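Beneath this line is the structure, given in structure tokens, with notes to follow.
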Amino acid sequence: MSRVLVVGAGLTGSVCACLLRREMASKVHIVVWDKARGPGGRMSTSRHSDSSCQSADLGAQYITATPGYTHTHHSVYSELLSLGLLQSFDSIIEGQKLSDGSRNYMTPRGTSSVVRHFLSESGADLVCERHVTSLYRRGASWEVETKLGDRERFDVVVLTMPVPQILQLQGDVGNVLSVQQQQQLDGVVYSSRFAVALFFPPDVVFSFSWSARYVDGSIIRYVAADSRKRNADVPGLGPSLVVHTSVSFGLENLEKDKEEVQALILEELYKLLPELPQPVGVKCQKWRYSQVSCQVTSRRSLGLDGHRCCLLQVLTSVPDCPGHMTILDRPLLVCAGDAFSHSNFDGCVASARSVVAALKAAL
């Protein structure tokens, strides 16, 4: 059996591990490492130390399925819906522009429950707080080194962390990247933002009617009554509220002290919602690599009345990649994730599927 290491226990890594188990169980032994204390990645659910408070999703907020992906990923949606891990999100989202035929879903147990489900189904050896720093080519295998100096060998390595973290790896990764691959990876740009979760005591009831709201502000872009969004408001448990900042605010304050940034966000939040009670707890999360971003560029074209300039939105994901990039065929080294498709639930699922297809062809 080939030993396969999946680096990253987020959505792409967990779906990849699950599909490997289901489709290649007799050929692979699956190991998943993540540098964080627990799985989830950007599908992160946070809990307050006080058990009387509801949890809060600090990363992905809900899932929007287009008609095309509802069909293509029917088996994934059916599985999660049948288990109650996904439910239709029918409450009010102020300011959302939903495409024709698309549908929103929410996660009653928090977004991390989806990742944990796929990891459980994978039967993989999951090890958290294992930060990969180097990869060395050793004949037909990879020797993987962690920040603490531990080393282990694998026949296949699948890297699902954000592209800048892939490019920071030491060892032989830089040596085996082609010039074109290096240029493609260098071109990936991520947006950055902060998220803040507020936890309230059980006697609090929010005065507004919406579950989520998009805001046209320079600091705050999105607010969600998170427990209401998940139909989780019940007597005896305090509600939770989540704030996401604008991308521009995230970029401007990325290197500032997190407590200073949190204070700015809370000040703006109470201007927006002056009747909001005081929380019993607050957690601030910095997402350095939030989503693969769209960059606005200008292009000049010659019209009848002279030169004209038009603005184009260009997605900075890796071009011409079928959901993954094979850096080396032997020993097999593959990169995957939203940078090789697009930054949403279905993009991660599509990337994971493409990785499994590549491994089935190679092993």
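Letters for chains follow the order of the structure tokens (A, B, ...), residue numbers begin at 1 for each chain, and ligand numbers begin at 1 in the order shown.
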
Please report as a tab-separated table every residue of stretch 146-250 of chain A lying within 9 Å of stretch 81-102 of chain A, along with the nearest atom pair and their distance in Å (one decimal), using only C-alpha atoms.
```
residue	atom	partner	partner_atom	distance
A:Ser209	CA	A:Ile92	CA	7.7
A:Trp210	CA	A:Ile92	CA	4.9
A:Ser211	CA	A:Ile92	CA	5.5
A:Ala212	CA	A:Ile93	CA	4.7
A:Arg213	CA	A:Glu94	CA	4.5
A:Tyr214	CA	A:Gly95	CA	5.1
A:Val215	CA	A:Gly95	CA	7.4
A:Ala224	CA	A:Ile93	CA	8.7
A:Arg228	CA	A:Ser91	CA	8.8
A:Lys229	CA	A:Ser91	CA	7.1
A:Arg230	CA	A:Phe89	CA	8.0
```

Excluding same-chain residues fewer than 6 positions from stretch 317-327 of chain A, what lies within 9 Å of it counting only C-alpha atoms, as a PyMOL selection string? chain A and resi 173+176-178+181+184-185+187-190+292-294+333-343+347-348+350-355+358

Just want the 7 Å neighbourhood of stretch 31-38 of chain A, counted on only C-alpha atoms, with same-chain residues fewer than 3 positions away dropped. Output as a PyMOL selection string. chain A and resi 4-9+124-131

Excluding A:Ile166 and any residue of its chain fewer than 5 positions from it, enumerate the residues within 10 Å of it, using only C-alpha atoms, and give them as number ranges by chain. A: 132-134, 159-161, 173-174, 185, 335

Env of A:Arg116: 10 Å cut, atoms = only C-alpha atoms, seq-sep filter 4 positions within chain, self excluded. Answer as a PDB file with C-alpha atoms, in the first residue's frame.
```pdb
ATOM      1  CA  ALA A   9      -7.212  19.303   7.287  1.00  0.00           C
ATOM      2  CA  GLY A  10      -9.542  21.807   5.681  1.00  0.00           C
ATOM      3  CA  LEU A  11     -12.338  21.080   3.221  1.00  0.00           C
ATOM      4  CA  SER A  14     -10.823  16.164   4.182  1.00  0.00           C
ATOM      5  CA  VAL A  15     -12.825  15.443   1.012  1.00  0.00           C
ATOM      6  CA  GLY A  38      -7.976  21.054  15.229  1.00  0.00           C
ATOM      7  CA  PRO A  39      -9.371  20.360  11.742  1.00  0.00           C
ATOM      8  CA  GLY A  40     -11.523  22.751   9.743  1.00  0.00           C
ATOM      9  CA  THR A 111     -19.157  24.537   9.206  1.00  0.00           C
ATOM     10  CA  SER A 112     -16.371  22.505  10.808  1.00  0.00           C
ATOM     11  CA  SER A 120     -14.186  10.534  10.011  1.00  0.00           C
ATOM     12  CA  GLU A 121     -15.287   8.782   6.831  1.00  0.00           C
ATOM     13  CA  SER A 122     -11.698   8.720   5.556  1.00  0.00           C
TER      14      SER A 122
END
```

Atom CA of A:Gly41 to atom CA of A:Arg330: how many Å, to one decimal?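 A separation of 28.3 Å between them.
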
From the options A:Ile220, A:Leu272, A:Leu119, A:Leu80, which residue's atoms come nearest to A:Gly250, counting only C-alpha atoms?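 Going through A:Ile220, A:Leu272, A:Leu119, A:Leu80 one by one, the smallest distance to A:Gly250 is for A:Ile220.
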
Please indicate the distance in Å from atom CA of A:His29 to atom CA of A:Gly123, rounded to one decimal place.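 Computing it gives 9.2 Å between the two atoms.
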
Using only C-alpha atoms, find the one residue out of A:Leu169, A:Gln54, A:Ala25, A:Ala140 that sits nearest to A:Asp155.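 Ranking A:Leu169, A:Gln54, A:Ala25, A:Ala140 by distance to A:Asp155, first place goes to A:Ala140.
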
So that I can see what lies close to A:Arg3, please list as a VMD selection string the residues with an atom at most 9 Å from it, counting only C-alpha atoms and leaving out residues fewer than 6 positions away in the same chain. chain A and resid 27 to 31 153 to 157

Step one, run DSSP on the backbone; step two, keep only residues of stretch 191-249 of chain A assigned to alpha helix (DSSP H); then write them as a PyMOL selection string. chain A and resi 226-229+247-249

Only C-alpha atoms, please: the residues just picked out, written as a compact mmCIF listing (two decimals), in the first residue's frame.
```
# COMPACT_ATOMS: atom_id res chain seq x y z
CA ASP A 226 -24.74 33.16 13.69
CA SER A 227 -26.82 30.97 15.97
CA ARG A 228 -30.02 32.27 14.32
CA LYS A 229 -28.53 31.55 10.89
CA VAL A 247 -10.93 43.13 2.20
CA SER A 248 -9.43 46.63 2.10
CA PHE A 249 -9.57 46.92 5.91
```

All strand (DSSP E) residues (DSSP, backbone) inside stretch 155-338 of chain A, as number ranges by chain: A: 156-159, 170-171, 190-199, 212-214, 220-224, 240-245, 281-292, 294-303, 306-315, 324-328, 332-336

Proximity to A:Asp203 - best of A:Asp233, A:Asp186, A:Asp216, A:Glu267, only C-alpha atoms: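 For A:Asp203, the nearest of the candidates is A:Asp233.
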
Counting only C-alpha atoms, which residue out of A:Ser240, A:Ser2, A:Gln182, A:Leu269 sits closest to A:Pro164? A:Gln182

Take atom CA of A:Tyr289 and atom CA of A:Ser191 and report the distance between them in Å, one decimal.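 Interatomic distance, atom CA of A:Tyr289 to atom CA of A:Ser191: 6.2 Å.
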